[in-house]
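Source file: protein07.tsv. Holds: TSV, C-alpha atoms and all ligand atoms.
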chain	number	residue	atom	x	y	z
E	7	MET	CA	0.00	0.00	0.00
E	8	GLN	CA	1.09	3.53	-0.66
E	9	LYS	CA	0.13	7.02	0.43
E	10	ILE	CA	-0.18	9.33	-2.55
E	11	PRO	CA	-1.15	12.96	-3.12
E	12	ILE	CA	-4.61	13.27	-4.62
E	13	ASN	CA	-3.30	14.75	-7.87
E	14	LEU	CA	-1.59	11.44	-8.62
E	15	ALA	CA	-4.77	9.42	-8.08
E	16	LYS	CA	-6.00	7.54	-11.16
E	17	PRO	CA	-9.26	5.74	-11.91
E	18	GLY	CA	-8.89	2.04	-11.14
E	19	MET	CA	-6.78	2.51	-8.03
E	20	LYS	CA	-8.27	1.02	-4.90
E	21	LEU	CA	-8.36	2.54	-1.44
E	22	ALA	CA	-6.25	0.62	1.07
E	23	ARG	CA	-7.49	2.84	3.89
E	24	PRO	CA	-10.83	4.58	4.34
E	25	VAL	CA	-10.80	8.29	3.55
E	26	VAL	CA	-11.52	10.17	6.75
E	27	LYS	CA	-12.26	13.87	7.05
E	28	ASP	CA	-10.81	16.06	9.77
E	29	GLY	CA	-13.74	15.60	12.12
E	30	GLY	CA	-13.30	11.83	11.98
E	31	ILE	CA	-16.13	11.15	9.49
E	32	THR	CA	-15.46	8.40	6.98
E	33	VAL	CA	-16.29	9.61	3.49
E	34	MET	CA	-15.11	6.61	1.46
E	35	ALA	CA	-14.67	3.04	2.56
E	36	GLU	CA	-11.60	0.89	2.32
E	37	GLY	CA	-11.50	-1.23	-0.82
E	38	MET	CA	-13.41	1.26	-2.97
E	39	GLU	CA	-12.23	1.63	-6.54
E	40	LEU	CA	-11.56	5.17	-7.67
E	41	THR	CA	-13.34	6.71	-10.66
E	42	GLU	CA	-12.87	10.15	-12.23
E	43	ALA	CA	-15.99	11.33	-10.41
E	44	LEU	CA	-14.82	10.05	-7.03
E	45	ILE	CA	-11.40	11.63	-7.45
E	46	SER	CA	-12.84	15.05	-8.21
E	47	ARG	CA	-15.22	14.66	-5.28
E	48	LEU	CA	-12.24	13.99	-2.99
E	49	ASP	CA	-10.58	17.02	-4.46
E	50	THR	CA	-13.53	19.29	-3.68
E	51	MET	CA	-13.62	17.89	-0.15
E	52	LYS	CA	-10.06	19.18	0.28
E	53	ILE	CA	-8.67	15.68	0.86
E	54	ASP	CA	-5.04	15.98	-0.19
E	55	LYS	CA	-3.73	12.46	0.37
E	56	ILE	CA	-5.11	8.96	0.10
E	57	VAL	CA	-3.75	5.47	0.77
E	58	VAL	CA	-4.07	3.07	-2.16
E	59	GLN	CA	-3.37	-0.62	-2.63
E	60	GLY	CA	-0.11	-1.78	-4.12
E	61	ASN	CA	2.68	0.62	-5.06
E	62	PRO	CA	1.28	2.20	-8.21
E	63	VAL	CA	3.18	5.49	-8.06
E	64	ASP	CA	6.89	6.12	-8.09
E	65	ILE	CA	7.17	9.07	-5.70
E	66	GLY	CA	10.88	8.66	-5.15
E	67	GLU	CA	10.53	8.33	-1.38
E	68	SER	CA	13.66	8.58	0.74
E	69	GLY	CA	14.30	4.89	1.22
E	70	GLY	CA	11.88	4.21	4.08
E	71	GLY	CA	8.67	2.38	3.46
E	72	THR	CA	6.86	-0.87	3.49
E	73	ALA	CA	7.85	-2.17	0.09
E	74	PHE	CA	9.18	-5.36	1.63
E	75	ASP	CA	11.37	-6.39	-1.28
E	76	GLU	CA	13.12	-3.05	-0.93
E	77	ARG	CA	13.62	-3.66	2.81
E	78	LEU	CA	15.01	-7.09	2.02
E	79	ALA	CA	17.59	-5.58	-0.30
E	80	ARG	CA	18.65	-3.01	2.31
E	81	MET	CA	19.46	-5.46	5.14
E	82	PRO	CA	23.10	-6.22	4.25
E	83	HIS	CA	23.81	-2.48	4.03
E	84	LEU	CA	22.16	-1.63	7.35
E	85	PHE	CA	24.03	-4.41	9.18
E	86	ARG	CA	27.35	-3.85	7.36
E	87	HIS	CA	29.39	-3.05	10.45
E	88	TYR	CA	28.36	-6.11	12.42
E	89	LYS	CA	29.64	-8.85	10.12
E	90	GLN	CA	32.05	-10.08	12.78
E	91	ASP	CA	29.44	-10.06	15.52
E	92	LYS	CA	27.83	-13.45	15.91
E	93	TRP	CA	24.65	-12.27	17.58
E	94	MET	CA	24.03	-9.41	15.17
E	95	SER	CA	24.70	-11.71	12.22
E	96	ARG	CA	22.00	-13.97	13.57
E	97	VAL	CA	19.66	-11.01	13.95
E	98	ARG	CA	20.42	-9.92	10.38
E	99	ASP	CA	19.73	-13.37	8.95
E	100	ARG	CA	16.49	-13.55	10.85
E	101	MET	CA	15.42	-10.13	9.53
E	102	ILE	CA	16.34	-11.15	6.00
E	103	GLU	CA	14.17	-14.21	6.40
E	104	TYR	CA	11.37	-12.06	7.82
E	105	PHE	CA	11.38	-9.52	4.97
E	106	ARG	CA	11.70	-12.27	2.34
E	107	PHE	CA	8.56	-13.86	3.75
E	108	LYS	CA	6.73	-10.51	3.88
E	109	ALA	CA	7.76	-9.65	0.32
E	110	ALA	CA	6.49	-13.00	-0.96
E	111	GLN	CA	3.24	-12.56	0.95
E	112	GLN	CA	2.78	-9.08	-0.45
E	113	ALA	CA	3.43	-10.23	-4.01
E	114	ALA	CA	0.99	-13.13	-3.65
E	115	ARG	CA	-1.71	-10.85	-2.27
E	116	GLU	CA	-1.30	-8.40	-5.12
E	117	ARG	CA	-1.47	-11.21	-7.66
E	118	ALA	CA	-4.67	-12.56	-6.10
E	119	GLU	CA	-6.18	-9.06	-6.14
E	120	GLN	CA	-5.43	-8.72	-9.82
E	121	GLU	CA	-6.88	-12.10	-10.73
E	122	ARG	CA	-10.02	-11.34	-8.78
E	123	ASP	CA	-10.38	-8.01	-10.60
E	124	GLU	CA	-10.03	-9.66	-13.97
E	125	LEU	CA	-12.68	-12.25	-13.09
E	126	MET	CA	-15.05	-9.56	-11.81
E	127	GLU	CA	-14.81	-7.47	-14.91
E	128	GLU	CA	-15.75	-10.09	-17.48
E	129	PRO	CA	-19.34	-11.19	-16.79
E	130	GLU	CA	-20.75	-7.75	-15.86
E	131	ASN	CA	-19.77	-6.19	-19.14
E	132	GLY	CA	-17.32	-3.88	-17.38
E	133	GLU	CA	-20.03	-2.21	-15.34
E	134	THR	CA	-18.80	-1.49	-11.81
E	135	VAL	CA	-20.96	-1.06	-8.78
E	136	GLU	CA	-21.27	2.64	-8.02
E	137	ASN	CA	-20.72	2.56	-4.27
E	138	GLY	CA	-17.90	0.10	-4.20
E	139	GLY	CA	-17.27	-2.40	-1.46
E	140	GLU	CA	-19.75	-0.84	0.94
E	141	ALA	CA	-22.66	-3.24	0.56
R	11	MET	CA	38.48	16.17	26.87
R	12	GLU	CA	37.15	16.87	30.37
R	13	ASP	CA	37.44	20.59	29.68
R	14	LEU	CA	35.66	20.42	26.38
R	15	ARG	CA	32.92	18.44	28.06
R	16	THR	CA	32.41	21.11	30.70
R	17	THR	CA	32.38	23.92	28.16
R	18	VAL	CA	30.05	22.08	25.84
R	19	LYS	CA	27.71	21.16	28.66
R	20	GLY	CA	27.72	24.81	29.67
R	21	GLN	CA	26.92	25.86	26.12
R	22	ILE	CA	24.18	23.32	25.80
R	23	LEU	CA	22.48	24.25	29.01
R	24	SER	CA	23.06	28.00	28.79
R	25	ILE	CA	19.64	29.09	29.88
R	26	GLN	CA	19.20	32.16	27.75
R	27	ASP	CA	19.20	30.22	24.53
R	28	LEU	CA	18.18	26.74	25.50
R	29	PRO	CA	15.11	26.02	23.38
R	30	THR	CA	12.50	27.96	25.29
R	31	LEU	CA	9.54	25.90	26.29
R	32	PRO	CA	6.17	27.57	26.09
R	33	GLY	CA	5.46	29.69	29.15
R	34	VAL	CA	2.28	27.77	29.88
R	35	LEU	CA	4.37	24.69	30.61
R	36	ASP	CA	5.91	26.24	33.72
R	37	GLU	CA	2.55	27.36	34.93
R	38	VAL	CA	1.08	23.96	34.29
R	39	THR	CA	3.93	22.15	36.03
R	40	LYS	CA	3.30	24.22	39.15
R	41	LEU	CA	-0.39	23.44	39.03
R	42	VAL	CA	0.31	19.73	38.75
R	43	GLU	CA	2.41	19.85	41.90
R	44	ASP	CA	-0.50	21.47	43.73
R	45	PRO	CA	-2.68	18.64	45.03
R	46	ASP	CA	-5.74	20.90	45.03
R	47	ALA	CA	-5.51	21.81	41.35
R	48	SER	CA	-8.08	20.13	39.12
R	49	THR	CA	-7.54	18.70	35.64
R	50	GLU	CA	-9.97	21.35	34.50
R	51	ALA	CA	-7.71	24.12	35.78
R	52	ILE	CA	-4.66	22.57	34.08
R	53	ALA	CA	-6.56	22.15	30.82
R	54	LYS	CA	-7.65	25.79	30.98
R	55	VAL	CA	-4.04	27.01	31.17
R	56	ILE	CA	-2.93	24.87	28.21
R	57	SER	CA	-5.98	25.86	26.17
R	58	ARG	CA	-5.04	29.52	26.50
R	59	ASP	CA	-2.25	28.88	24.00
R	60	GLN	CA	-4.30	28.04	20.94
R	61	VAL	CA	-1.49	27.10	18.62
R	62	LEU	CA	-0.03	24.80	21.23
R	63	SER	CA	-3.41	23.25	21.99
R	64	ALA	CA	-3.99	22.55	18.33
R	65	LYS	CA	-0.65	20.77	18.08
R	66	VAL	CA	-1.30	18.73	21.20
R	67	LEU	CA	-4.72	17.69	19.92
R	68	LYS	CA	-3.25	16.73	16.56
R	69	MET	CA	-0.68	14.51	18.27
R	70	VAL	CA	-3.01	12.85	20.76
R	71	ASN	CA	-5.42	12.05	17.95
R	72	SER	CA	-2.70	10.40	15.87
R	73	PRO	CA	-2.57	6.60	15.76
R	74	ILE	CA	0.49	6.73	18.04
R	75	TYR	CA	-1.57	7.03	21.20
R	76	GLY	CA	-4.37	4.69	20.30
R	77	PHE	CA	-7.33	7.09	20.25
R	78	PRO	CA	-7.28	8.25	16.61
R	79	GLY	CA	-9.63	11.14	16.00
R	80	ARG	CA	-11.48	10.74	19.26
R	81	ILE	CA	-10.07	13.39	21.57
R	82	GLY	CA	-11.78	16.75	21.22
R	83	THR	CA	-10.46	18.78	24.14
R	84	ILE	CA	-7.27	19.24	26.13
R	85	GLN	CA	-9.12	18.22	29.26
R	86	HIS	CA	-10.21	14.98	27.66
R	87	ALA	CA	-6.60	14.38	26.57
R	88	LEU	CA	-5.35	14.95	30.12
R	89	VAL	CA	-7.87	12.52	31.56
R	90	LEU	CA	-7.13	9.83	28.98
R	91	LEU	CA	-3.36	10.14	28.66
R	92	GLY	CA	-2.20	11.81	31.86
R	93	PHE	CA	-0.05	14.84	32.44
R	94	ASN	CA	3.32	13.21	31.71
R	95	VAL	CA	2.28	12.29	28.20
R	96	ILE	CA	0.83	15.73	27.46
R	97	ARG	CA	3.94	17.43	28.84
R	98	GLY	CA	6.20	15.19	26.76
R	99	ILE	CA	4.23	16.10	23.65
R	100	ILE	CA	4.45	19.82	24.44
R	101	ILE	CA	8.22	19.58	24.93
R	102	SER	CA	8.93	17.58	21.80
R	103	THR	CA	6.78	19.70	19.50
R	104	SER	CA	8.22	22.92	20.95
R	105	VAL	CA	11.82	21.82	20.56
R	106	PHE	CA	11.35	20.38	17.09
R	107	ASP	CA	9.38	23.46	16.06
R	108	MET	CA	12.57	25.48	15.84
R	109	MET	CA	14.09	22.95	13.51
R	110	VAL	CA	11.26	21.79	11.32
R	111	ALA	CA	12.87	22.15	7.97
R	112	ALA	CA	16.32	20.83	8.81
R	113	MET	CA	15.19	18.09	11.13
R	114	LYS	CA	12.12	16.74	9.37
R	115	GLY	CA	13.81	13.37	9.05
R	116	LEU	CA	14.52	13.18	12.77
R	117	TRP	CA	10.96	14.20	13.59
R	118	GLU	CA	9.69	11.32	11.46
R	119	HIS	CA	12.18	8.97	13.07
R	120	SER	CA	10.89	10.08	16.48
R	121	LEU	CA	7.25	9.58	15.45
R	122	GLY	CA	8.18	6.11	14.25
R	123	VAL	CA	9.94	5.25	17.51
R	124	ALA	CA	6.95	6.59	19.49
R	125	THR	CA	4.64	4.30	17.52
R	126	ALA	CA	6.97	1.32	17.83
R	127	SER	CA	7.40	1.91	21.58
R	128	ASN	CA	3.64	1.80	22.02
R	129	ILE	CA	3.49	-1.48	20.09
R	130	VAL	CA	6.41	-3.12	21.92
R	131	ALA	CA	5.09	-2.04	25.34
R	132	LYS	CA	1.69	-3.51	24.53
R	133	ASN	CA	3.18	-6.78	23.28
R	134	ALA	CA	5.32	-7.00	26.42
R	135	GLY	CA	2.11	-6.73	28.42
R	136	PHE	CA	2.85	-3.36	30.02
R	137	GLU	CA	0.11	-1.02	31.16
R	138	ASP	CA	-0.15	2.59	29.91
R	139	PRO	CA	1.66	2.10	26.58
R	140	GLU	CA	1.22	5.81	25.85
R	141	GLU	CA	3.83	6.57	28.54
R	142	TYR	CA	6.27	4.45	26.52
R	143	ALA	CA	5.19	6.18	23.32
R	144	VAL	CA	6.05	9.60	24.69
R	145	ALA	CA	9.44	8.30	25.87
R	146	GLY	CA	10.00	7.16	22.28
R	147	LEU	CA	8.94	10.55	20.96
R	148	LEU	CA	11.57	12.25	23.14
R	149	HIS	CA	14.38	9.67	22.85
R	150	ASP	CA	16.63	11.55	20.39
R	151	LEU	CA	15.86	15.08	21.55
R	152	GLY	CA	19.52	15.58	22.47
R	153	LYS	CA	20.31	15.58	18.73
R	154	VAL	CA	17.99	18.53	18.19
R	155	VAL	CA	19.49	20.36	21.15
R	156	THR	CA	22.98	20.03	19.64
R	157	ALA	CA	21.72	21.29	16.31
R	158	VAL	CA	20.12	24.32	17.96
R	159	GLN	CA	22.83	25.15	20.48
R	160	LEU	CA	25.98	24.12	18.63
R	161	PRO	CA	25.23	24.32	14.92
R	162	GLU	CA	28.90	24.17	13.84
R	163	LEU	CA	29.69	21.12	15.92
R	164	HIS	CA	26.48	19.57	14.63
R	165	ASP	CA	27.71	20.02	11.07
R	166	THR	CA	31.03	18.45	12.02
R	167	ILE	CA	29.19	15.45	13.49
R	168	LEU	CA	27.20	14.97	10.28
R	169	ALA	CA	30.35	15.24	8.19
R	170	THR	CA	32.11	12.71	10.43
R	171	VAL	CA	29.25	10.23	9.99
R	172	LYS	CA	29.77	10.41	6.23
R	173	GLU	CA	33.55	10.47	6.12
R	174	ARG	CA	34.17	7.67	8.57
R	175	ASP	CA	30.98	5.72	7.86
R	176	ILE	CA	30.19	5.44	11.56
R	177	THR	CA	26.97	5.82	13.52
R	178	TYR	CA	25.74	9.24	14.58
R	179	LEU	CA	26.36	8.26	18.22
R	180	ARG	CA	29.99	7.30	17.55
R	181	ALA	CA	30.50	10.53	15.61
R	182	GLU	CA	29.09	12.56	18.50
R	183	LYS	CA	31.52	10.86	20.83
R	184	ALA	CA	34.40	11.60	18.47
R	185	VAL	CA	33.45	15.26	18.05
R	186	LEU	CA	31.91	16.24	21.40
R	187	GLY	CA	33.33	13.59	23.71
R	188	PHE	CA	29.85	12.28	24.53
R	189	GLY	CA	26.62	11.34	22.82
R	190	HIS	CA	23.03	12.57	22.71
R	191	ASP	CA	22.23	10.06	25.42
R	192	ARG	CA	24.30	12.18	27.81
R	193	ILE	CA	22.73	15.41	26.53
R	194	ASN	CA	19.33	13.80	27.02
R	195	ALA	CA	20.16	13.14	30.67
R	196	TRP	CA	21.07	16.81	31.18
R	197	VAL	CA	18.06	18.31	29.46
R	198	ALA	CA	15.67	15.81	31.02
R	199	ARG	CA	16.89	16.87	34.43
R	200	HIS	CA	16.83	20.52	33.41
R	201	TRP	CA	13.18	20.22	32.34
R	202	HIS	CA	12.25	18.08	35.37
R	203	LEU	CA	10.98	15.18	33.30
R	204	PRO	CA	9.78	12.14	35.23
R	205	GLY	CA	12.29	9.39	35.98
R	206	ASN	CA	10.96	6.80	33.54
R	207	ILE	CA	11.16	9.18	30.60
R	208	ARG	CA	14.57	10.46	31.69
R	209	GLU	CA	15.93	6.94	31.93
R	210	ALA	CA	14.57	5.98	28.52
R	211	MET	CA	16.13	9.10	27.00
R	212	SER	CA	19.55	8.56	28.57
R	213	ARG	CA	19.70	4.76	28.26
R	214	HIS	CA	18.08	3.95	24.93
R	215	HIS	CA	21.47	2.95	23.49
R	216	SER	CA	22.57	1.04	26.59
R	217	PRO	CA	19.42	-0.29	28.23
R	218	HIS	CA	21.38	-3.04	29.95
R	219	LEU	CA	23.04	-0.34	32.06
R	220	ALA	CA	19.78	1.27	33.17
R	221	GLU	CA	19.59	1.31	36.94
R	222	PHE	CA	15.97	2.37	37.25
R	223	TYR	CA	13.04	1.94	34.92
R	224	LYS	CA	14.95	-0.64	32.89
R	225	PRO	CA	11.83	-1.85	31.04
R	226	VAL	CA	11.08	1.53	29.46
R	227	ALA	CA	14.73	1.91	28.36
R	228	CYS	CA	14.52	-1.56	26.79
R	229	VAL	CA	11.23	-0.79	25.02
R	230	VAL	CA	12.61	2.37	23.40
R	231	HIS	CA	15.85	0.55	22.52
R	232	ILE	CA	13.97	-2.14	20.62
R	233	ALA	CA	11.66	0.44	19.04
R	234	ASP	CA	14.67	2.39	17.74
R	235	PHE	CA	16.08	-0.82	16.22
R	236	MET	CA	12.74	-1.53	14.50
R	237	VAL	CA	12.33	1.92	13.00
R	238	ARG	CA	15.90	1.87	11.69
R	239	LEU	CA	15.15	-1.41	9.90
R	240	PHE	CA	12.43	0.39	7.95
R	241	GLU	CA	14.57	3.51	7.56
R	242	PHE	CA	11.47	5.48	8.41
R	243	GLY	CA	12.58	9.08	8.76
R	244	SER	CA	16.22	9.68	9.46
R	245	SER	CA	18.15	9.02	12.65
R	246	GLY	CA	21.31	10.72	11.41
R	247	ASP	CA	23.01	7.67	9.88
R	248	ASP	CA	22.08	4.73	7.67
R	249	GLN	CA	22.80	1.79	9.91
R	250	THR	CA	20.95	-0.57	12.14
R	251	ALA	CA	21.34	-0.06	15.88
R	252	TYR	CA	23.02	-2.78	17.91
R	253	LEU	CA	20.13	-4.83	19.24
R	254	ARG	CA	20.99	-5.71	22.84
R	255	PRO	CA	19.93	-9.28	23.61
R	256	GLU	CA	19.54	-8.17	27.25
R	257	ALA	CA	16.73	-5.85	26.16
R	258	LEU	CA	14.78	-8.69	24.54
R	259	LYS	CA	15.35	-10.81	27.60
R	260	GLU	CA	14.19	-8.09	29.97
R	261	LEU	CA	10.82	-7.96	28.19
R	262	GLY	CA	10.62	-11.71	27.72
R	263	PHE	CA	10.66	-11.03	23.97
R	264	LYS	CA	11.38	-13.82	21.51
R	265	MET	CA	12.24	-13.19	17.87
R	266	SER	CA	8.64	-14.04	17.03
R	267	ASP	CA	7.46	-11.24	19.35
R	268	LEU	CA	9.79	-8.87	17.57
R	269	GLU	CA	8.38	-9.94	14.21
R	270	ARG	CA	4.81	-9.51	15.39
R	271	SER	CA	5.73	-5.99	16.47
R	272	LEU	CA	7.32	-5.32	13.07
R	273	ASP	CA	4.09	-6.48	11.41
R	274	GLU	CA	2.09	-3.98	13.44
R	275	LEU	CA	4.59	-1.20	12.87
R	276	SER	CA	4.53	-1.65	9.09
R	277	GLU	CA	0.73	-1.39	9.21
R	278	GLN	CA	0.79	1.82	11.25
R	279	MET	CA	3.70	3.62	9.62
R	280	ILE	CA	1.70	4.79	6.66
R	281	ASP	CA	-0.77	6.55	8.96
R	282	ILE	CA	1.89	8.61	10.69
R	283	ALA	CA	3.96	9.31	7.58
R	284	ASP	CA	2.81	12.90	7.15
R	285	LEU	CA	2.00	13.90	10.69
R	286	SER	CA	3.70	17.24	10.38
R	287	LEU	CA	4.34	19.57	13.27
B	1	FE	FE	19.52	7.68	19.83
B	2	FE	FE	16.81	6.98	17.51
Kindly transcribe the structure held in the file into C-alpha cells.
Amino acid sequence: MQKIPINLAKPGMKLARPVVKDGGITVMAEGMELTEALISRLDTMKIDKIVVQGNPVDIGESGGGTAFDERLARMPHLFRHYKQDKWMSRVRDRMIEYFRFKAAQQAARERAEQERDELMEEPENGETVENGGEA
Amino acid sequence: MEDLRTTVKGQILSIQDLPTLPGVLDEVTKLVEDPDASTEAIAKVISRDQVLSAKVLKMVNSPIYGFPGRIGTIQHALVLLGFNVIRGIIISTSVFDMMVAAMKGLWEHSLGVATASNIVAKNAGFEDPEEYAVAGLLHDLGKVVTAVQLPELHDTILATVKERDITYLRAEKAVLGFGHDRINAWVARHWHLPGNIREAMSRHHSPHLAEFYKPVACVVHIADFMVRLFEFGSSGDDQTAYLRPEALKELGFKMSDLERSLDELSEQMIDIADLSL
C-alpha cells in the first residue's frame, strides 16, 4: 500500500485505507475503486492524500517504506558493520528471512487481487458497482 | 576532553538560549504539583495557547496514542493520557518546532519510535503504553538540542558520519566527547521530566546499564532498532542499531514477538507518515 497525493490518483486505483475527514467522518470506505468522479469529489472535499493498494506510483521516497522487497535488499547495508558479531549476524539473517517472507506474501496478495479483478470485470460487461465495497 | 565536556555542557544548558519551552508549561507544572488543582484548571491554562493546543490535539489524535480522531479537548486528553504524556508532547513539538525544515527526518524517526514503543510495550504486556510512546517521541531530543545550540559542531558530526561511515552516536563521541544520550540526561533533568522518561532518554542505546526503569529503556531501545530497519525518517546515519539481547530478555521477547511488532509497525507507519508539526 502507498500514500499518494490526490493529484496522482487515477481511476482504477483502490483505497487501502478509508478516507476520513478532519472531524473523523469516513467519506469513502476501504477497498473502494476510484473513478474520475470520485477523485474530483475527494478534491472538492479538500482531501489531499489517500492510501491506495499496491505501489502504483513512483514518488521517489527517501528509502523508508513498506515495500518489503526493498527492505530485504537493504538489510546487508544496514548491518554492514556487524559482520564479525555473531549475535548481530544472527539477527540480520532472521530479519532477511522475515522480509523475504513478507515480500512473498505481499506479491501473492497483489497477484490474487489482480486475478479477482479480472474475473469480476468479465461477466458484468465492465459495469462497476457505483458505491464500491460498501454493501 | 574533560574541559571540552564542561564547556560544551555549559553551552548546551546555557539558559538564555536553550530552546524555550512555552510559558504555559511552567505554569502547568506548578499546578500539577498542587494537590488541590483540578484537571480542569490545568486544561484551561494549556488551552489559552491556541497554537499549542492545536498541536497537542493533533498529536493525541494520531494513531500513536491509540485514540485516533477521538479526543476533542485538552481536558479529555489529560484525563485519557495523563499529564506526563501531554507534557512530553508539548516539549517535543516545541523543541522540534525550531528545527522543522532541517530536522524533518529526525521528527519522522521520532514519530516512528513513538509508535513502535507503544506497540512493543503492549506486546510486552505493560500497562499505559502511551507513557512508553512519549518516551519514544523524546528519545533523540539531544540531537535537536545540539543542532540548535551548537550548529557548527552539529555540522562536524554529520560530516564525520559520512567520512568515517560510523553511527551518529559514535561521531558525537568523536566530536563532542559524549553522545546525545548524555545530553538527554542533562536536558531531562533541566526540564524536570519524570524518571521513567529520563531513563529511557539517557539509556536507549545502553538499556542493559539502566539502573531504574529498565523496562522503558529496553522498550525504546527495541523500538529504535525496528524503525531503523524500515529507515522510516532519518536518525542521522544509515545503519541498524546494535540490538541488545539483554533488552529482549528483559521484556521476555522472543524473535517471534519482535516480528509480530514489526508487522504492526509496518501497518501503522503509513498513517503517521505525514504527521507534520
Ligand atoms: Fe539515539
Ligand atoms: Fe533513535
Should the cut-off be 9 Å, what would the residue list for chain R against chain E look like, counting all atoms listed in the file, as a PyMOL selection string?
chain R and resi 78-80+176+238-244+248-253+255+265+269+273+276-277+279-281+283
Give as an mmCIF file with C-alpha atoms, keeping the file's coordinate frame the residues surrounding ligand FE 1 (chain B) up to a distance of 10 Å, considering all atoms listed in the file.
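Final file, out-v9.cif:
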data_model
loop_
_atom_site.group_PDB
_atom_site.id
_atom_site.type_symbol
_atom_site.label_atom_id
_atom_site.label_comp_id
_atom_site.auth_asym_id
_atom_site.auth_seq_id
_atom_site.Cartn_x
_atom_site.Cartn_y
_atom_site.Cartn_z
ATOM 1 C CA SER R 120 10.890 10.080 16.480
ATOM 2 C CA GLY R 146 10.000 7.160 22.280
ATOM 3 C CA LEU R 148 11.570 12.250 23.140
ATOM 4 C CA HIS R 149 14.380 9.670 22.850
ATOM 5 C CA ASP R 150 16.630 11.550 20.390
ATOM 6 C CA LEU R 151 15.860 15.080 21.550
ATOM 7 C CA GLY R 152 19.520 15.580 22.470
ATOM 8 C CA LYS R 153 20.310 15.580 18.730
ATOM 9 C CA THR R 177 26.970 5.820 13.520
ATOM 10 C CA TYR R 178 25.740 9.240 14.580
ATOM 11 C CA LEU R 179 26.360 8.260 18.220
ATOM 12 C CA GLY R 189 26.620 11.340 22.820
ATOM 13 C CA HIS R 190 23.030 12.570 22.710
ATOM 14 C CA ASP R 191 22.230 10.060 25.420
ATOM 15 C CA ASN R 194 19.330 13.800 27.020
ATOM 16 C CA MET R 211 16.130 9.100 27.000
ATOM 17 C CA SER R 212 19.550 8.560 28.570
ATOM 18 C CA ARG R 213 19.700 4.760 28.260
ATOM 19 C CA HIS R 214 18.080 3.950 24.930
ATOM 20 C CA HIS R 215 21.470 2.950 23.490
ATOM 21 C CA SER R 216 22.570 1.040 26.590
ATOM 22 C CA VAL R 230 12.610 2.370 23.400
ATOM 23 C CA HIS R 231 15.850 0.550 22.520
ATOM 24 C CA ASP R 234 14.670 2.390 17.740
ATOM 25 C CA PHE R 235 16.080 -0.820 16.220
ATOM 26 C CA SER R 245 18.150 9.020 12.650
ATOM 27 C CA GLY R 246 21.310 10.720 11.410
ATOM 28 C CA ALA R 251 21.340 -0.060 15.880
#
Who sits within 7 Å of Ile84 (chain R), all atoms listed in the file, same chain under 3 positions skipped, as a PyMOL selection string:
chain R and resi 53+57+63+67+87-88
Please save C-alpha atoms of the selected residues as a compact mmCIF listing (two decimals), in the frame of the given file.
# COMPACT_ATOMS: atom_id res chain seq x y z
CA ALA R 53 -6.56 22.15 30.82
CA SER R 57 -5.98 25.86 26.17
CA SER R 63 -3.41 23.25 21.99
CA LEU R 67 -4.72 17.69 19.92
CA ALA R 87 -6.60 14.38 26.57
CA LEU R 88 -5.35 14.95 30.12
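We find CA of Gly135 (chain R) and CA of Val70 (chain R) to be spaced 21.6 Å apart.
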Do you have the CA of Ile101 (chain R)-CA of Glu50 (chain R) distance handy?
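Distance between the two atoms: 20.6 Å.
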CA of Gly37 (chain E) to CA of Phe77 (chain R), distance in Å rounded to a single decimal
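Value for the CA of Gly37 (chain E)-CA of Phe77 (chain R) distance: 23.0 Å.
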Residues at most 10 Å from Arg270 (chain R), counting all atoms listed in the file, excluding those fewer than 6 positions away in the same chain, as a ChimeraX atom specification?
/R:129-130,133,264
Considering only C-alpha atoms, return as a PDB file with C-alpha atoms, in the frame of the given file whatever protein or nucleic-acid residues lie within 10 Å of Val18 (chain R), sequence-local ones (same chain, fewer than 6 positions apart) excluded.
ATOM      1  CA  GLU R  12      37.150  16.870  30.370  1.00  0.00           C
ATOM      2  CA  SER R  24      23.060  28.000  28.790  1.00  0.00           C
ATOM      3  CA  THR R 156      22.980  20.030  19.640  1.00  0.00           C
ATOM      4  CA  GLN R 159      22.830  25.150  20.480  1.00  0.00           C
ATOM      5  CA  LEU R 160      25.980  24.120  18.630  1.00  0.00           C
ATOM      6  CA  LEU R 163      29.690  21.120  15.920  1.00  0.00           C
ATOM      7  CA  LEU R 186      31.910  16.240  21.400  1.00  0.00           C
ATOM      8  CA  GLY R 187      33.330  13.590  23.710  1.00  0.00           C
ATOM      9  CA  PHE R 188      29.850  12.280  24.530  1.00  0.00           C
ATOM     10  CA  ILE R 193      22.730  15.410  26.530  1.00  0.00           C
TER      11      ILE R 193
END
Excluding Ser102 (chain R) and any residue of its chain fewer than 2 positions from it, enumerate the residues within 12 Å of it, using only C-alpha atoms, and give them as JSON, numbers by chain.
{"R": [29, 30, 31, 32, 62, 65, 66, 69, 95, 96, 97, 98, 99, 100, 104, 105, 106, 107, 108, 109, 110, 116, 117, 120, 121, 124, 144, 145, 146, 147, 148, 149, 150, 151, 152, 153, 154, 155, 197, 198, 201, 203, 287]}
Go through E:Asn61, E:Val33, E:Ser46, E:Lys16 and flag the residue nearest Glu116 (chain E), using all atoms listed in the file for the distances.
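Ranking E:Asn61, E:Val33, E:Ser46, E:Lys16 by distance to Glu116 (chain E), first place goes to E:Asn61.
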Using only C-alpha atoms and all ligand atoms for the distances, tell me which of R:His119, R:Cys228, R:Gly262, R:Ala157 is nearest to ligand FE 2 (chain B).
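That would be R:His119, the residue with the smallest distance to ligand FE 2 (chain B).
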Calculated over all atoms listed in the file, which of the candidates R:Glu37, R:Ala195, R:Val237, R:Val185 has the smallest distance to ligand FE 2 (chain B)?
R:Val237
Spatial sel., origin (19.1, -0.1, 33.1), limit 10 Å, all atoms listed in the file, listed as a PyMOL selection string
chain R and resi 209-210+212-214+216-228+256-257+260
If we count all atoms listed in the file and set the cut-off at 12 Å, which residues sit around Val58 (chain E), ignoring sequence neighbours fewer than 6 positions away in its own chain? Please answer as a count of residues only.
25
Which is closer to Glu141 (chain R) than all the others in R:Ile74, R:Ile81, R:Met113, R:Val171, using only C-alpha atoms?
R:Ile74
Kindly write region 223-231 of chain R with C-alpha atoms to a file, as an mmCIF file, in the first residue's frame.
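Below is the file that was written, out38.cif:
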data_model
loop_
_atom_site.group_PDB
_atom_site.id
_atom_site.type_symbol
_atom_site.label_atom_id
_atom_site.label_comp_id
_atom_site.auth_asym_id
_atom_site.auth_seq_id
_atom_site.Cartn_x
_atom_site.Cartn_y
_atom_site.Cartn_z
ATOM 1 C CA TYR R 223 13.040 1.936 34.922
ATOM 2 C CA LYS R 224 14.949 -0.638 32.889
ATOM 3 C CA PRO R 225 11.828 -1.852 31.042
ATOM 4 C CA VAL R 226 11.085 1.532 29.457
ATOM 5 C CA ALA R 227 14.733 1.909 28.361
ATOM 6 C CA CYS R 228 14.519 -1.564 26.793
ATOM 7 C CA VAL R 229 11.233 -0.790 25.023
ATOM 8 C CA VAL R 230 12.611 2.365 23.400
ATOM 9 C CA HIS R 231 15.854 0.550 22.518
#
